[in-house]
Each structure stands twice: as C-alpha cells, then as structure tokens.
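Here is input-v6.pdb, consisting of PDB, C-alpha atoms:
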```pdb
ATOM      1  CA  MET A   1      17.200 154.781 -88.665  1.00  0.00           C
ATOM      2  CA  CYS A   2      18.631 157.067 -91.270  1.00  0.00           C
ATOM      3  CA  PRO A   3      19.433 155.348 -94.568  1.00  0.00           C
ATOM      4  CA  GLY A   4      23.179 155.190 -95.062  1.00  0.00           C
ATOM      5  CA  ALA A   5      24.009 156.553 -91.608  1.00  0.00           C
ATOM      6  CA  GLY A   6      25.551 153.533 -89.934  1.00  0.00           C
ATOM      7  CA  GLN A   7      24.373 150.287 -91.474  1.00  0.00           C
ATOM      8  CA  GLN A   8      27.156 147.748 -91.144  1.00  0.00           C
ATOM      9  CA  GLY A   9      25.533 144.345 -91.343  1.00  0.00           C
ATOM     10  CA  ILE A  10      22.805 142.698 -93.390  1.00  0.00           C
ATOM     11  CA  SER A  11      21.231 139.247 -93.333  1.00  0.00           C
ATOM     12  CA  MET A  12      18.210 137.625 -94.991  1.00  0.00           C
ATOM     13  CA  ASP A  13      15.941 134.947 -93.573  1.00  0.00           C
ATOM     14  CA  PRO A  14      16.276 131.546 -95.301  1.00  0.00           C
ATOM     15  CA  GLN A  15      12.809 131.833 -96.845  1.00  0.00           C
ATOM     16  CA  GLY A  16      13.795 135.099 -98.559  1.00  0.00           C
ATOM     17  CA  ASN A  17      10.916 137.072 -97.016  1.00  0.00           C
ATOM     18  CA  TYR A  18      12.722 139.509 -94.703  1.00  0.00           C
ATOM     19  CA  VAL A  19      16.026 141.376 -94.632  1.00  0.00           C
ATOM     20  CA  TYR A  20      17.620 142.443 -91.321  1.00  0.00           C
ATOM     21  CA  VAL A  21      20.039 145.372 -91.087  1.00  0.00           C
ATOM     22  CA  ALA A  22      22.264 146.327 -88.127  1.00  0.00           C
ATOM     23  CA  ASP A  23      22.957 150.032 -87.580  1.00  0.00           C
ATOM     24  CA  VAL A  24      25.953 150.937 -85.399  1.00  0.00           C
ATOM     25  CA  GLU A  25      25.063 154.616 -85.095  1.00  0.00           C
ATOM     26  CA  ALA A  26      21.437 154.092 -84.095  1.00  0.00           C
ATOM     27  CA  ASN A  27      22.177 150.994 -81.960  1.00  0.00           C
ATOM     28  CA  GLY A  28      19.318 149.226 -83.646  1.00  0.00           C
ATOM     29  CA  ILE A  29      18.081 146.609 -86.063  1.00  0.00           C
ATOM     30  CA  SER A  30      15.742 147.413 -88.938  1.00  0.00           C
ATOM     31  CA  TYR A  31      13.724 144.738 -90.701  1.00  0.00           C
ATOM     32  CA  PHE A  32      12.377 144.944 -94.229  1.00  0.00           C
ATOM     33  CA  LYS A  33       9.855 142.906 -96.215  1.00  0.00           C
ATOM     34  CA  LEU A  34      11.359 141.748 -99.511  1.00  0.00           C
ATOM     35  CA  ASN A  35       9.153 141.790-102.607  1.00  0.00           C
ATOM     36  CA  SER A  36      10.313 138.658-104.410  1.00  0.00           C
ATOM     37  CA  SER A  37       8.935 139.867-107.756  1.00  0.00           C
ATOM     38  CA  THR A  38      10.549 143.314-107.840  1.00  0.00           C
ATOM     39  CA  GLY A  39      13.331 143.069-105.256  1.00  0.00           C
ATOM     40  CA  ALA A  40      11.958 146.153-103.497  1.00  0.00           C
ATOM     41  CA  LEU A  41      12.419 146.453 -99.729  1.00  0.00           C
ATOM     42  CA  THR A  42       9.697 147.878 -97.499  1.00  0.00           C
ATOM     43  CA  LEU A  43      10.635 148.962 -93.981  1.00  0.00           C
ATOM     44  CA  GLU A  44       8.455 146.952 -91.605  1.00  0.00           C
ATOM     45  CA  GLY A  45       9.952 148.109 -88.308  1.00  0.00           C
ATOM     46  CA  GLU A  46      12.925 148.834 -86.095  1.00  0.00           C
ATOM     47  CA  THR A  47      14.099 147.819 -82.674  1.00  0.00           C
ATOM     48  CA  ASN A  48      16.670 149.455 -80.440  1.00  0.00           C
ATOM     49  CA  THR A  49      19.344 147.077 -79.200  1.00  0.00           C
ATOM     50  CA  GLY A  50      19.404 148.847 -75.835  1.00  0.00           C
ATOM     51  CA  GLY A  51      22.665 150.755 -76.100  1.00  0.00           C
ATOM     52  CA  GLN A  52      22.828 154.140 -74.421  1.00  0.00           C
ATOM     53  CA  ALA A  53      25.572 156.710 -74.969  1.00  0.00           C
ATOM     54  CA  ASP A  54      25.791 157.327 -71.222  1.00  0.00           C
ATOM     55  CA  GLY A  55      24.690 154.144 -69.518  1.00  0.00           C
ATOM     56  CA  GLY A  56      25.618 150.787 -70.972  1.00  0.00           C
ATOM     57  CA  GLY A  57      23.573 148.224 -72.793  1.00  0.00           C
ATOM     58  CA  PHE A  58      24.285 146.473 -76.074  1.00  0.00           C
ATOM     59  CA  CYS A  59      26.011 148.821 -78.511  1.00  0.00           C
ATOM     60  CA  ALA A  60      27.487 148.966 -81.977  1.00  0.00           C
ATOM     61  CA  SER A  61      25.823 145.983 -83.600  1.00  0.00           C
ATOM     62  CA  ASP A  62      27.909 145.640 -86.739  1.00  0.00           C
ATOM     63  CA  VAL A  63      27.377 141.992 -87.661  1.00  0.00           C
ATOM     64  CA  ILE A  64      23.955 140.380 -87.909  1.00  0.00           C
ATOM     65  CA  LYS A  65      23.001 136.833 -88.881  1.00  0.00           C
ATOM     66  CA  VAL A  66      19.723 134.955 -89.174  1.00  0.00           C
ATOM     67  CA  ASP A  67      20.015 131.329 -88.072  1.00  0.00           C
ATOM     68  CA  PRO A  68      19.368 128.606 -90.680  1.00  0.00           C
ATOM     69  CA  SER A  69      15.878 127.858 -89.301  1.00  0.00           C
ATOM     70  CA  GLY A  70      14.830 131.506 -89.705  1.00  0.00           C
ATOM     71  CA  SER A  71      13.715 131.611 -86.070  1.00  0.00           C
ATOM     72  CA  PHE A  72      16.468 133.738 -84.537  1.00  0.00           C
ATOM     73  CA  VAL A  73      18.657 136.759 -85.291  1.00  0.00           C
ATOM     74  CA  TYR A  74      22.059 137.155 -83.654  1.00  0.00           C
ATOM     75  CA  ALA A  75      23.819 140.514 -83.517  1.00  0.00           C
ATOM     76  CA  LEU A  76      27.502 140.803 -82.673  1.00  0.00           C
ATOM     77  CA  GLY A  77      28.608 144.033 -81.083  1.00  0.00           C
ATOM     78  CA  THR A  78      29.869 145.428 -77.807  1.00  0.00           C
ATOM     79  CA  THR A  79      28.621 146.150 -74.326  1.00  0.00           C
ATOM     80  CA  SER A  80      29.928 148.523 -71.676  1.00  0.00           C
ATOM     81  CA  PRO A  81      28.813 149.728 -68.235  1.00  0.00           C
ATOM     82  CA  GLU A  82      30.235 153.139 -69.213  1.00  0.00           C
ATOM     83  CA  GLY A  83      27.927 153.535 -72.183  1.00  0.00           C
ATOM     84  CA  CYS A  84      28.386 153.138 -75.909  1.00  0.00           C
ATOM     85  CA  THR A  85      31.141 155.739 -76.024  1.00  0.00           C
ATOM     86  CA  GLY A  86      33.252 154.137 -73.271  1.00  0.00           C
ATOM     87  CA  SER A  87      35.522 151.114 -73.258  1.00  0.00           C
ATOM     88  CA  SER A  88      33.688 147.973 -74.264  1.00  0.00           C
ATOM     89  CA  SER A  89      33.733 144.182 -74.451  1.00  0.00           C
ATOM     90  CA  PRO A  90      32.528 141.896 -77.271  1.00  0.00           C
ATOM     91  CA  ALA A  91      28.917 140.801 -76.899  1.00  0.00           C
ATOM     92  CA  ILE A  92      26.150 138.857 -78.630  1.00  0.00           C
ATOM     93  CA  ALA A  93      22.488 139.858 -78.589  1.00  0.00           C
ATOM     94  CA  ASP A  94      19.853 137.331 -79.601  1.00  0.00           C
ATOM     95  CA  TYR A  95      16.333 137.901 -80.880  1.00  0.00           C
ATOM     96  CA  SER A  96      13.430 135.662 -81.813  1.00  0.00           C
ATOM     97  CA  ILE A  97      11.779 136.291 -85.166  1.00  0.00           C
ATOM     98  CA  ASP A  98       7.991 136.528 -85.350  1.00  0.00           C
ATOM     99  CA  ASN A  99       7.494 134.685 -88.637  1.00  0.00           C
ATOM    100  CA  SER A 100       4.061 136.247 -89.162  1.00  0.00           C
ATOM    101  CA  ASN A 101       5.505 139.748 -89.647  1.00  0.00           C
ATOM    102  CA  GLY A 102       9.312 139.475 -89.485  1.00  0.00           C
ATOM    103  CA  SER A 103       9.615 141.482 -86.277  1.00  0.00           C
ATOM    104  CA  VAL A 104      12.432 140.801 -83.830  1.00  0.00           C
ATOM    105  CA  ILE A 105      11.798 140.142 -80.148  1.00  0.00           C
ATOM    106  CA  PRO A 106      14.716 140.415 -77.672  1.00  0.00           C
ATOM    107  CA  GLY A 107      15.594 137.048 -76.180  1.00  0.00           C
ATOM    108  CA  PRO A 108      17.120 136.187 -72.856  1.00  0.00           C
ATOM    109  CA  PRO A 109      20.762 137.242 -72.542  1.00  0.00           C
ATOM    110  CA  ALA A 110      23.169 134.728 -74.016  1.00  0.00           C
ATOM    111  CA  GLU A 111      25.215 133.686 -70.990  1.00  0.00           C
ATOM    112  CA  ASN A 112      27.620 131.232 -72.580  1.00  0.00           C
ATOM    113  CA  THR A 113      29.033 132.244 -75.934  1.00  0.00           C
ATOM    114  CA  ALA A 114      32.026 131.382 -78.019  1.00  0.00           C
ATOM    115  CA  ILE A 115      33.132 133.169 -81.169  1.00  0.00           C
ATOM    116  CA  VAL A 116      35.563 131.223 -83.300  1.00  0.00           C
ATOM    117  CA  PRO A 117      37.416 133.687 -85.564  1.00  0.00           C
ATOM    118  CA  SER A 118      38.870 131.044 -87.874  1.00  0.00           C
ATOM    119  CA  GLN A 119      35.504 129.376 -88.442  1.00  0.00           C
ATOM    120  CA  ASP A 120      32.178 130.522 -89.849  1.00  0.00           C
ATOM    121  CA  TRP A 121      30.152 129.899 -86.699  1.00  0.00           C
ATOM    122  CA  ILE A 122      29.422 130.962 -83.146  1.00  0.00           C
ATOM    123  CA  ALA A 123      28.132 128.919 -80.227  1.00  0.00           C
ATOM    124  CA  VAL A 124      25.409 130.378 -78.022  1.00  0.00           C
ATOM    125  CA  THR A 125      23.654 128.846 -75.017  1.00  0.00           C
ATOM    126  CA  PRO A 126      20.686 130.910 -73.743  1.00  0.00           C
TER     127      PRO A 126
END
```
Representation of the structure as structure tokens:
Amino acid sequence: MCPGAGQQGISMDPQGNYVYVADVEANGISYFKLNSSTGALTLEGETNTGGQADGGGFCASDVIKVDPSGSFVYALGTTSPEGCTGSSSPAIADYSIDNSNGSVIPGPPAENTAIVPSQDWIAVTP
C-alpha cells in the first residue's frame, strides 16, 4: 500500500500492540506494530480484501474496527459482481487476528449482518 494513497479507516487492538488501516484504493488492510515507548509504527504486513476492478469481491474497505476482545477485525465496504468499479452493495468482511504477530486471517463470510446507523454497533453472525 502506498502511504497516503487511500487510507480511510484506522483501528487499534485493545492491548495497544497493533494498528489496522483500511485502504480503499488498494482494497486491502495493512497492520502495524506499535512501539509503546516511542509511538512509532512498523509495517508488519498487508492483506488484500479480495476486490478486483473487473470481477467482484470485497471492495472499498473504508471503515475498520477491532472487536473489544482483540480477536477479530471487521471491515465495512462494498461488494459487486461487476467489480470494484461497478454498482455495489454494502458488505462486511471479517478477519481473525493472530495475536502472536498481529496478522489478519480472512474468516468465513458473514451471512447475517445488521448495521444500525443510529447506534455505535453492528451485528454479525458467521
């Protein structure tokens, strides 16, 4: 991911060890190790959310949240059978966090979701 290119969302794990950044242009999530003494971030890795310009997948992840247990990352974005440049529908992608290194592992698709705009929560059933 290119710094400053399309980062739209940021979230930190509850332990304060890792920072997760969503990038709408790269259709990916970057994760950084946080140095608690200096505040410096070190890029640990990246994962593509699966979006393709010409063939669907999860695209435009612009909101990202780590759950309170620090075990999961949820990215809110869009999905489209036409590709990331076509018409799209709201979608949620879920990832498990490997607590040994902060990496994100794609989870099973969230089949039942509810986003409540007037509240500060979402409901997801894997």
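Between CA of Gly107 in chain A and CA of Leu76 in chain A the separation is 14.1 Å.
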Pull the closest atom pair for each residue of range 15-47 of chain A that gets at most 10 Å from range 87-104 of chain A, along with the distance in Å to one decimal, counting only C-alpha atoms, ordering rows by chain and then ascending residue number, as a Markdown table.
```
| residue | atom | partner | partner_atom | distance |
| --- | --- | --- | --- | --- |
| A:Asn17 | CA | A:Gly102 | CA | 8.1 |
| A:Tyr18 | CA | A:Gly102 | CA | 6.2 |
| A:Val19 | CA | A:Gly102 | CA | 8.7 |
| A:Tyr20 | CA | A:Gly102 | CA | 9.0 |
| A:Ile29 | CA | A:Val104 | CA | 8.4 |
| A:Ser30 | CA | A:Ser103 | CA | 8.9 |
| A:Tyr31 | CA | A:Ser103 | CA | 6.9 |
| A:Phe32 | CA | A:Gly102 | CA | 7.9 |
| A:Lys33 | CA | A:Gly102 | CA | 7.6 |
| A:Glu44 | CA | A:Ser103 | CA | 7.7 |
| A:Gly45 | CA | A:Ser103 | CA | 6.9 |
| A:Glu46 | CA | A:Ser103 | CA | 8.1 |
| A:Thr47 | CA | A:Val104 | CA | 7.3 |
```
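The spacing separating CA of Ala22 in chain A from CA of Thr38 in chain A amounts to 23.1 Å.
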Q | Å distance separating CA of Gly77 in chain A from CA of Ala40 in chain A, one decimal place | A |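 Distance between the two atoms: 28.0 Å.
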Q: Name the residues that the PyMOL selection byres ((chain A and resi 67) around 12) picks from the file above, as a VMD selection string, using the file's chain letters and numbers.
A: chain A and resid 11 to 15 20 64 to 66 68 to 75 94 to 97 121 to 124
Check which residues satisfy the PyMOL selection byres ((chain A and resi 9) around 8) in the file shown, then give them as a PDB file with C-alpha atoms, keeping the file's coordinate frame.
```
ATOM      1  CA  GLN A   7      24.373 150.287 -91.474  1.00  0.00           C
ATOM      2  CA  GLN A   8      27.156 147.748 -91.144  1.00  0.00           C
ATOM      3  CA  ILE A  10      22.805 142.698 -93.390  1.00  0.00           C
ATOM      4  CA  SER A  11      21.231 139.247 -93.333  1.00  0.00           C
ATOM      5  CA  VAL A  21      20.039 145.372 -91.087  1.00  0.00           C
ATOM      6  CA  ALA A  22      22.264 146.327 -88.127  1.00  0.00           C
ATOM      7  CA  ASP A  23      22.957 150.032 -87.580  1.00  0.00           C
ATOM      8  CA  SER A  61      25.823 145.983 -83.600  1.00  0.00           C
ATOM      9  CA  ASP A  62      27.909 145.640 -86.739  1.00  0.00           C
ATOM     10  CA  VAL A  63      27.377 141.992 -87.661  1.00  0.00           C
ATOM     11  CA  ILE A  64      23.955 140.380 -87.909  1.00  0.00           C
TER      12      ILE A  64
END
```
